[in-house]
Structures are given as C-alpha cells and as structure tokens.
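Asker: Dropping the structure in here first, questions after.
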Amino acid sequence: MVVERARSLFDAGTTRPLTWRREQLDRLADLVTANTEAIEEALAADLGKSATETYLTEIGVLLEEIRHTRRHLSSWLKPRRVRLPWQYQPAGASLVLEPLGVVLVIAPWNYPVFLLLGPLVGVLAAGNTAVLKPSELVPRTAELLERLVPRYLDGVEVVTGGPERTTELLRERFDHIVFTGSGRVGRIVMAAAAEHLTPVTLELGGKSPAWVDGTTDLAAAARRIAWGKLVNTGQTCVAPDYLLAPPDVARALEPLLAREIRAMYGPDPALSPDYGRIVSARHAARLQQMVDDSVAAGARVVVGGQADPESRYVAPTVLTDVAPDSPVMAEEIFGPVLPIVPVADLDAAIAHVRAGDKPLALYAFTADTTVRDRLVRETSSGAVGLDVPLVHAAVPALPFGGVGPSGMGAYHGEASVRTFSHAKPVVRKPLRPETLGMVRPPFTAARRALARRILR
C-alpha cells in the first residue's frame with residue numbers, strides 16, 4: 001500500500017515541477033529545525049550522543065545539504081546541450097534529467113537521521129517520491145521520524161519494523177534503492193533488486209586505513225586521528241579503522257593518542273557527557289571479544305580496553321603491536337577500537353591495502369608529496385583524505401560513495417540529483433534538408449562508398 005501511494009502521486013505528475021521540489025526541500029528543512037530538540041533527545045536515548053555531536057554530525061550537515069541543493073537545483077536541472085558529429089547535421093541534441101519514480105531508502109542505525117534524510121534530499125530534488133525504512137536498532141529515532149515525516153512531506157512514506165518488514169519491502173518494485181550498511185546485507189538488497197532490474201546505490205563501509213609517517217607532525221596527526229576514530233563512538237563507516245606506520249612512528253603515536261583521548265573525554269570516558277554508547281549490548285560484546293582475542297594473539301593495550309556490554313559501554317581503546325592477521329583486523333571494527341599495525345615501509349603499507357577489499361576511505365598523514373601521490377595513484381578507495389578524516393563525507397559538493405566491496409554509486413549534492421534521475425537524450429533533426437538518404441536501401445555502389453567514407 002505504501003508503495004502504491006507513492007507511485008500514484010508520482011504517476012499523477014505532481015512531483016515533476018521545480019516548485020514542488022523546492023517546496024519539499026523547504027519542508028524538510030522545517031522538519032529538522034522545528035524538531036531539533038526532539039531529534040537530539042531521540043539520539044541520546046538510542047546512541048548516547050550528546051546534543052552537540054548530534055547537531056554537528058546529523059542535523060547541521062543535513063541542513064547544509066538541503067541549502068546547497070536548493071541553491072543550485074535549477075541550474076543542475078537545465079537540459080545540457082550535446083553537439084552532434086558533422087555527419088548528422090543539421091541536428092541538435094540535449095540531455096534532459098527526468099525523475100526515476102519511487103525510491104526506497106534503507107538507512108543504518110549509526111547516523112539514523114542523516115543517512116535516512118540525506119539521500120532523501122536528492123530523491124525529492126530529482127522529482128521522485130520515496131519510501132523510507134529507518135533501522136529498528138534505534139527505536140526512538142525511528143518512531144520520531146515515522147511520526148514527523150508525514151506531517152511535513154508529500155509523497156514520502158515511512159515503514160518501521162525489523163528485518164521482516166525490510167524483506168517485505170524488497171519484494172516490491174522500486175525504481176531505485178539506496179542502502180547503507182554491511183556488505184552481507186548489501187548482497188541481499190542487491191539480489192532482491194535484481195528481481196525487478198532495479199538499480200541500486202550501496203554504501204557498505206569496510207576497513208578504512210590511515211598511513212602515518214615520520215614526516216608529519218605526529219601530535220597534530222594523533223589529534224585528528226583520535227577525533228575521527230571516536231566520533232559517534234567509532235560507529236562511523238568512514239572512520240579510520242586502523243593505522244599503518246613504520247615501527248618507530250607507531251611507537252611514538254602510542255602516548256600521543258592516549259593523551260588526545262584523555263583531552264577529549266577525561267580520565268574516565270564513561271563519565272563524559274560527550275562520549276556515547278554502542279547501539280546494543282550485542283554489538284558491545286562483539287567489540288569486547290574482538291579486543292580480548294587480539295590481546296590473546298599478541299596485541300598490547302595502550303589505553304582503554306574496558307567494556308560493559310550491559311550498559312553498552314566500550315572504552316576508547318588503542319591497541320598496538322597488532323599483526324595483520326590479528327582478530328581485530330579480520331573485519332570492520334565499527335567501534336572505538338583503534339589498532340596500530342607496524343609495517344616496514346610505504347611499500348608494505350600499500351601492499352597490505354591492496355591485498356584486502358577496496359576501502360570506503362583512505363587517509364594519509366604525511367608531508368611527503370611523493371608518498372601522497374603514490375597512495376592516491378597506487379591504491380583504490382571511495383575517497384582519500386590527506387591529513388584529515390571524515391570531512392569529505394560531509395561536503396555536499398563532493399560525491400560520496402564506495403568502490404568494489406565498499407559500495408557502488410554515489411550521492412550528495414549534484415551527484416544525488418543525477419543518481420536519482422535518468423539522463424534522457426533528446427535528438428532533434430529537421431525533415432528538410434534530407435541528409436539520411438545514404439542509410440536507406442537500395443545500397444548502391446555509390447551509397448556504399450559514401451557511407452564508408454563518412455563513417456570511417
């Protein structure tokens with residue numbers, strides 16, 4: 001029924017005018033600004049996020065995405081002229097962006113507002129309707145969005161519930177599906193989409209590495225790495241998942257990272273109002289087991305290591321002397337645990353990155369331009385951050401997406417509008433003068449010769 005309602009509105013042509021699209025973007029901004037306090041309270045209950053972090057990582061970036069899209073939308077939608085080869089003249093062509101139809105957005109639990117409503121900005125701007133599926137692991141936030149969205153937006157349906165509801169939705173025919181989450185579930189979404197030949201945008205994460213060498217300011221690098229790792233208690237798909245560094249640099253980073261963690265969260269992060277919680281006791285227990293198994297395998301705890309799964313608390317933890325085959329290196333960590341993996345040199349670091357799945361992001365903290373160039377050129381990732389983590393994912397002008405196992409497709413800003421539109425070629429050629437005679441039978445010797453000469 002929800003898909004039928006969304007499709008009915010789209011088929012009626014309601015969503016195509018630019019005025020409708022702008023109005024929906026304005027209403028989406030109103031939804032967020034008028035309910036900021038309620039959103040902050042919901043995320044505090046679900047993830048233990050402070051109001052300031054919620055504003056910085058969910059509300060503020062979403063409002064900026066809306067403003068950027070609203071400002072540029074009319075220019076993005078203008079038909080783009082394409083010059084045809086001389087053989088087809090006189091003629092003209094253009095690419096016209098047309099909306100796809102009904103888009104399904106399946107959001108994860110780690111940024112449950114931004115990763116649900118962020119793609120929606122592009123969906124509405126492109127003239128589509130939408131069905132939104134928030135994560136059941138953040139029930140307060142899901143319930144809030146289920147209640148608010150219909151009050152503010154037209155053509156947007158919200159479906160809550162567990163995996164069974166998602167499975168039901170995936171049996172329906174959509175015109176595009178956006179999924180953010182694990183690779184395991186991403187494969188399920190892609191298989192279901194294939195039944196209807198529905199295109200997908202998948203943001204899947206992975207183990208995003210950070211290279212640090214001795215040419216950089218290690219204290220400044222440690223400050224940014226610690227911040228990037230621990231935003232949202234490490235539950236960020238583009239967080240630095242692990243560090244690669246020469247042994248002397250790895251050793252020098254240990255006290256610097258410990259110092260930065262203490263500067264942000266005090267001597268006991270469990271008491272800090274700025275340090276959040278893991279989404280569930282099960283996820284917290286997974287992280288605790290990962291740390292325990294890695295220590296048993298030879299890793300050493302620099303700072304942290306404590307966990308209380310029942311209260312969903314996992315301390316900010318730095319592990320060092322981590323071997324490439326350590327348990328903590330077997331999968332994406334998705335929590336406040338940072339392994340330091342000593343490697344002989346840059347060649348060994350590049351070989352390590354290339355041996356695994358292509359990550360969603362790669363970070364480099366180095367003053368050596370040759371090293372920077374090599375990392376950009378010799379590795380493949382969704383994005384590269386030089387001396388800074390995370391920021392690329394918050395910039396509306398930059399497309400956000402993965403490559404290979406870390407995802408496919410991209411959105412944000414203009415990339416969103418193009419992702420959720422079909423670029424339809426429109427060709428115009430006057431009936432007079434008639435210049436297509438050579439392509440029509442009978443193919444005389446003269447016509448054959450002319451056709452081969454022109455299209456050579």
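Residue numbers start at 1 in each chain; chains themselves are named A, B, ... in the order of the structure tokens; ligands are numbered from 1 in the order shown.
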For Met290 of chain A, work out the shell of residues within 10 Å, counting only C-alpha atoms and skipping chain neighbours fewer than 5 positions away, then give it as a ChimeraX atom specification.

Answerer: /A:284-285,295-296,326-331,333,337

Asker: Atoms to include: all heavy atoms. Write the selected residues as a compact mmCIF listing (two decimals), in the first residue's frame.

Answerer:
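File written: result36.txt
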# COMPACT_ATOMS: atom_id res chain seq x y z
N ALA A 284 28.29 -4.34 21.60
CA ALA A 284 29.34 -4.06 22.57
C ALA A 284 30.10 -5.33 22.95
O ALA A 284 31.33 -5.32 23.09
CB ALA A 284 28.73 -3.41 23.81
N ALA A 285 29.38 -6.43 23.10
CA ALA A 285 30.03 -7.71 23.42
C ALA A 285 30.93 -8.16 22.28
O ALA A 285 32.01 -8.73 22.51
CB ALA A 285 28.97 -8.76 23.71
N VAL A 295 44.30 -9.30 22.01
CA VAL A 295 45.32 -9.28 23.06
C VAL A 295 45.88 -10.68 23.27
O VAL A 295 47.10 -10.87 23.43
CB VAL A 295 44.74 -8.70 24.37
CG1 VAL A 295 45.71 -8.89 25.52
CG2 VAL A 295 44.40 -7.22 24.18
N ALA A 296 45.02 -11.67 23.26
CA ALA A 296 45.48 -13.06 23.40
C ALA A 296 46.39 -13.46 22.25
O ALA A 296 47.26 -14.32 22.41
CB ALA A 296 44.27 -14.00 23.47
N SER A 326 45.63 -10.43 12.99
CA SER A 326 45.01 -10.36 14.30
C SER A 326 43.49 -10.38 14.17
O SER A 326 42.93 -9.91 13.16
CB SER A 326 45.45 -9.08 15.01
OG SER A 326 44.75 -8.90 16.24
N PRO A 327 42.76 -10.88 15.17
CA PRO A 327 41.29 -10.88 15.10
C PRO A 327 40.69 -9.50 14.84
O PRO A 327 39.67 -9.40 14.16
CB PRO A 327 40.89 -11.41 16.48
CG PRO A 327 42.02 -12.30 16.87
CD PRO A 327 43.25 -11.62 16.35
N VAL A 328 41.32 -8.46 15.36
CA VAL A 328 40.78 -7.12 15.18
C VAL A 328 40.92 -6.63 13.74
O VAL A 328 40.29 -5.64 13.34
CB VAL A 328 41.45 -6.12 16.16
CG1 VAL A 328 42.84 -5.72 15.66
CG2 VAL A 328 40.59 -4.91 16.40
N MET A 329 41.71 -7.35 12.95
CA MET A 329 41.91 -6.99 11.55
C MET A 329 41.06 -7.84 10.60
O MET A 329 41.12 -7.67 9.38
CB MET A 329 43.39 -7.12 11.17
CG MET A 329 44.30 -6.16 11.92
SD MET A 329 43.93 -4.44 11.55
CE MET A 329 44.45 -4.37 9.84
N ALA A 330 40.25 -8.73 11.15
CA ALA A 330 39.51 -9.66 10.31
C ALA A 330 38.27 -9.05 9.69
O ALA A 330 37.79 -9.51 8.65
CB ALA A 330 39.13 -10.90 11.13
N GLU A 331 37.72 -8.01 10.31
CA GLU A 331 36.50 -7.39 9.80
C GLU A 331 36.47 -5.93 10.21
O GLU A 331 37.29 -5.48 11.02
CB GLU A 331 35.26 -8.10 10.36
CG GLU A 331 35.17 -8.04 11.88
CD GLU A 331 33.94 -8.76 12.43
OE1 GLU A 331 33.10 -9.17 11.62
OE2 GLU A 331 33.83 -8.88 13.65
N ILE A 333 35.77 -2.83 12.22
CA ILE A 333 35.62 -2.76 13.68
C ILE A 333 34.31 -2.09 14.06
O ILE A 333 33.55 -2.59 14.89
CB ILE A 333 36.82 -2.00 14.30
CG1 ILE A 333 38.11 -2.80 14.05
CG2 ILE A 333 36.59 -1.78 15.79
CD1 ILE A 333 39.37 -2.05 14.36
N VAL A 337 37.71 1.22 18.79
CA VAL A 337 38.93 0.43 18.95
C VAL A 337 39.85 0.72 17.77
O VAL A 337 39.45 0.54 16.61
CB VAL A 337 38.62 -1.08 19.01
CG1 VAL A 337 39.91 -1.89 19.15
CG2 VAL A 337 37.66 -1.38 20.15

Asker: Write out as a PyMOL selection string the residues lying within 9 Å of Val417 of chain A, counting only C-alpha atoms and excluding same-chain residues fewer than 5 positions away.

Answerer: chain A and resi 69+73+76-77+97+99+121-127+411-412

Asker: Quick one: which segment 316-414 of chain A residues come within 12 Å of segment 265-274 of chain A, and what is the nearest atom pair for each with the distance in Å to one decimal, counting only C-alpha atoms, rows ordered by chain and ascending number, as a Markdown table?

Answerer:
| residue | atom | partner | partner_atom | distance |
| --- | --- | --- | --- | --- |
| A:Pro316 | CA | A:Pro269 | CA | 7.5 |
| A:Thr317 | CA | A:Pro269 | CA | 10.7 |
| A:Pro336 | CA | A:Pro269 | CA | 11.4 |

Asker: DSSP on the backbone: which residues in segment 247-445 of chain A end up as strand (DSSP E or B)? Give the answer as a ChimeraX atom specification.

Answerer: /A:300-303,307-308,313-314,317-320,337-342,362-365,384-386,400,407-408,411,421-428

Asker: Give me, as JSON, numbers by chain, the residues of segment 57-283 of chain A that a backbone DSSP run labels alpha helix (DSSP H).

Answerer: {"A": [60, 61, 62, 63, 64, 65, 66, 67, 68, 69, 70, 71, 72, 73, 74, 75, 76, 77, 114, 115, 116, 117, 118, 119, 120, 121, 122, 123, 124, 125, 139, 140, 141, 142, 143, 144, 145, 146, 147, 148, 149, 150, 151, 152, 163, 164, 165, 166, 167, 168, 169, 170, 183, 184, 185, 186, 187, 188, 189, 190, 191, 192, 193, 194, 218, 219, 220, 221, 222, 223, 224, 225, 226, 227, 228, 229, 230, 247, 248, 249, 250, 251, 252, 253, 254, 255, 256, 257, 258, 259, 260, 261, 262, 263, 264, 265, 281, 282, 283]}

Asker: Using atom CA of Pro112 of chain A and atom CA of Ile261 of chain A as the two end points, give the distance in Å to one decimal.

Answerer: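 Atom CA of Ile261 of chain A lies at a distance of 25.4 Å from atom CA of Pro112 of chain A.
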
Asker: Excluding segment 216-218 of chain A and residues on its chain fewer than 5 positions from it, collect all residues at most 12 Å away from it, counting only C-alpha atoms, and give them as a list in words.

Answerer: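 Close residues of segment 216-218 of chain A: Trp211, Arg223, Arg224, Ile225, Ala226, Ala245, Asp248, Val249, Ala250, Arg251, Ala252, Leu253, Glu254, Pro255, Leu256, Leu257, Glu260, Ala364, Phe365, Thr366, Ala367, Asp368, Thr369, Val371, Arg372, Leu386 and Asp387 of chain A.
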
Asker: Could you tell me which of A:Gly298, A:Gly409, A:Pro309, A:Gly335 comes closest to Thr236 of chain A if we count only C-alpha atoms?

Answerer: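 Smallest distance to Thr236 of chain A is found for A:Gly335.
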
Asker: A:Val395, A:Leu338, A:Leu170, A:Leu362: which is nearest His68 of chain A, counting only C-alpha atoms?

Answerer: A:Val395

Asker: Within 8 Å of segment 30-42 of chain A, counting only C-alpha atoms, which residues show up once you throw out same-chain ones fewer than 5 positions away? Write them as a list in words, please.

Answerer: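 Counting only the stated atoms, we get Lys49, Ser50, Ala51, Thr54, Tyr55, Ile59, Leu63, Arg140, Thr141, Leu144, Leu148, Val149 and Tyr152 of chain A.
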
Asker: Since we have the selection now, will you write its residues out, keeping N, CA, C and O atoms, as a PDB file, in the first residue's frame?

Answerer:
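Result file follows (again_23.pdb):
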ATOM      1  N   LYS A  49      24.315   9.886  22.233  1.00  0.00           N
ATOM      2  CA  LYS A  49      25.007  11.011  21.596  1.00  0.00           C
ATOM      3  C   LYS A  49      24.692  12.305  22.328  1.00  0.00           C
ATOM      4  O   LYS A  49      23.555  12.558  22.728  1.00  0.00           O
ATOM      5  N   SER A  50      25.702  13.148  22.459  1.00  0.00           N
ATOM      6  CA  SER A  50      25.484  14.464  23.039  1.00  0.00           C
ATOM      7  C   SER A  50      24.735  15.327  22.036  1.00  0.00           C
ATOM      8  O   SER A  50      24.764  15.086  20.825  1.00  0.00           O
ATOM      9  N   ALA A  51      24.057  16.353  22.533  1.00  0.00           N
ATOM     10  CA  ALA A  51      23.301  17.239  21.656  1.00  0.00           C
ATOM     11  C   ALA A  51      24.215  17.917  20.644  1.00  0.00           C
ATOM     12  O   ALA A  51      23.858  18.092  19.476  1.00  0.00           O
ATOM     13  N   THR A  54      25.227  15.443  17.957  1.00  0.00           N
ATOM     14  CA  THR A  54      24.080  15.218  17.085  1.00  0.00           C
ATOM     15  C   THR A  54      23.907  16.359  16.102  1.00  0.00           C
ATOM     16  O   THR A  54      23.663  16.144  14.907  1.00  0.00           O
ATOM     17  N   TYR A  55      24.056  17.585  16.581  1.00  0.00           N
ATOM     18  CA  TYR A  55      23.902  18.720  15.669  1.00  0.00           C
ATOM     19  C   TYR A  55      24.998  18.727  14.610  1.00  0.00           C
ATOM     20  O   TYR A  55      24.735  18.943  13.421  1.00  0.00           O
ATOM     21  N   ILE A  59      22.257  16.898  12.189  1.00  0.00           N
ATOM     22  CA  ILE A  59      21.360  17.996  11.835  1.00  0.00           C
ATOM     23  C   ILE A  59      22.054  19.045  10.976  1.00  0.00           C
ATOM     24  O   ILE A  59      21.554  19.438   9.913  1.00  0.00           O
ATOM     25  N   LEU A  63      21.131  20.052   7.065  1.00  0.00           N
ATOM     26  CA  LEU A  63      20.663  21.374   6.663  1.00  0.00           C
ATOM     27  C   LEU A  63      21.558  21.977   5.592  1.00  0.00           C
ATOM     28  O   LEU A  63      21.077  22.639   4.664  1.00  0.00           O
ATOM     29  N   ARG A 140      13.739   4.850  19.180  1.00  0.00           N
ATOM     30  CA  ARG A 140      13.229   6.195  19.476  1.00  0.00           C
ATOM     31  C   ARG A 140      13.307   7.087  18.233  1.00  0.00           C
ATOM     32  O   ARG A 140      12.384   7.846  17.923  1.00  0.00           O
ATOM     33  N   THR A 141      14.410   6.997  17.530  1.00  0.00           N
ATOM     34  CA  THR A 141      14.589   7.820  16.335  1.00  0.00           C
ATOM     35  C   THR A 141      13.640   7.376  15.233  1.00  0.00           C
ATOM     36  O   THR A 141      13.033   8.206  14.540  1.00  0.00           O
ATOM     37  N   LEU A 144      10.154   8.587  15.965  1.00  0.00           N
ATOM     38  CA  LEU A 144      10.048  10.036  15.766  1.00  0.00           C
ATOM     39  C   LEU A 144       9.913  10.367  14.284  1.00  0.00           C
ATOM     40  O   LEU A 144       9.050  11.164  13.885  1.00  0.00           O
ATOM     41  N   LEU A 148       6.923  12.274  12.258  1.00  0.00           N
ATOM     42  CA  LEU A 148       7.139  13.620  11.729  1.00  0.00           C
ATOM     43  C   LEU A 148       7.050  13.704  10.210  1.00  0.00           C
ATOM     44  O   LEU A 148       6.494  14.668   9.674  1.00  0.00           O
ATOM     45  N   VAL A 149       7.615  12.734   9.524  1.00  0.00           N
ATOM     46  CA  VAL A 149       7.729  12.849   8.067  1.00  0.00           C
ATOM     47  C   VAL A 149       6.379  13.079   7.383  1.00  0.00           C
ATOM     48  O   VAL A 149       6.254  13.974   6.537  1.00  0.00           O
ATOM     49  N   TYR A 152       5.119  16.723   7.383  1.00  0.00           N
ATOM     50  CA  TYR A 152       5.846  17.767   6.664  1.00  0.00           C
ATOM     51  C   TYR A 152       5.965  17.512   5.164  1.00  0.00           C
ATOM     52  O   TYR A 152       6.040  18.482   4.391  1.00  0.00           O
TER      53      TYR A 152
END

Asker: Quick check, in Å to one decimal: how far apart do atom CA of Met438 of chain A and atom CA of Leu450 of chain A lie?

Answerer: 7.4 Å

Asker: Within 10 Å of Pro396 of chain A, counting only C-alpha atoms, which residues show up once you throw out same-chain ones fewer than 5 positions away? Write them as a PyMOL selection string, please.

Answerer: chain A and resi 61-62+64-69+118+411-416
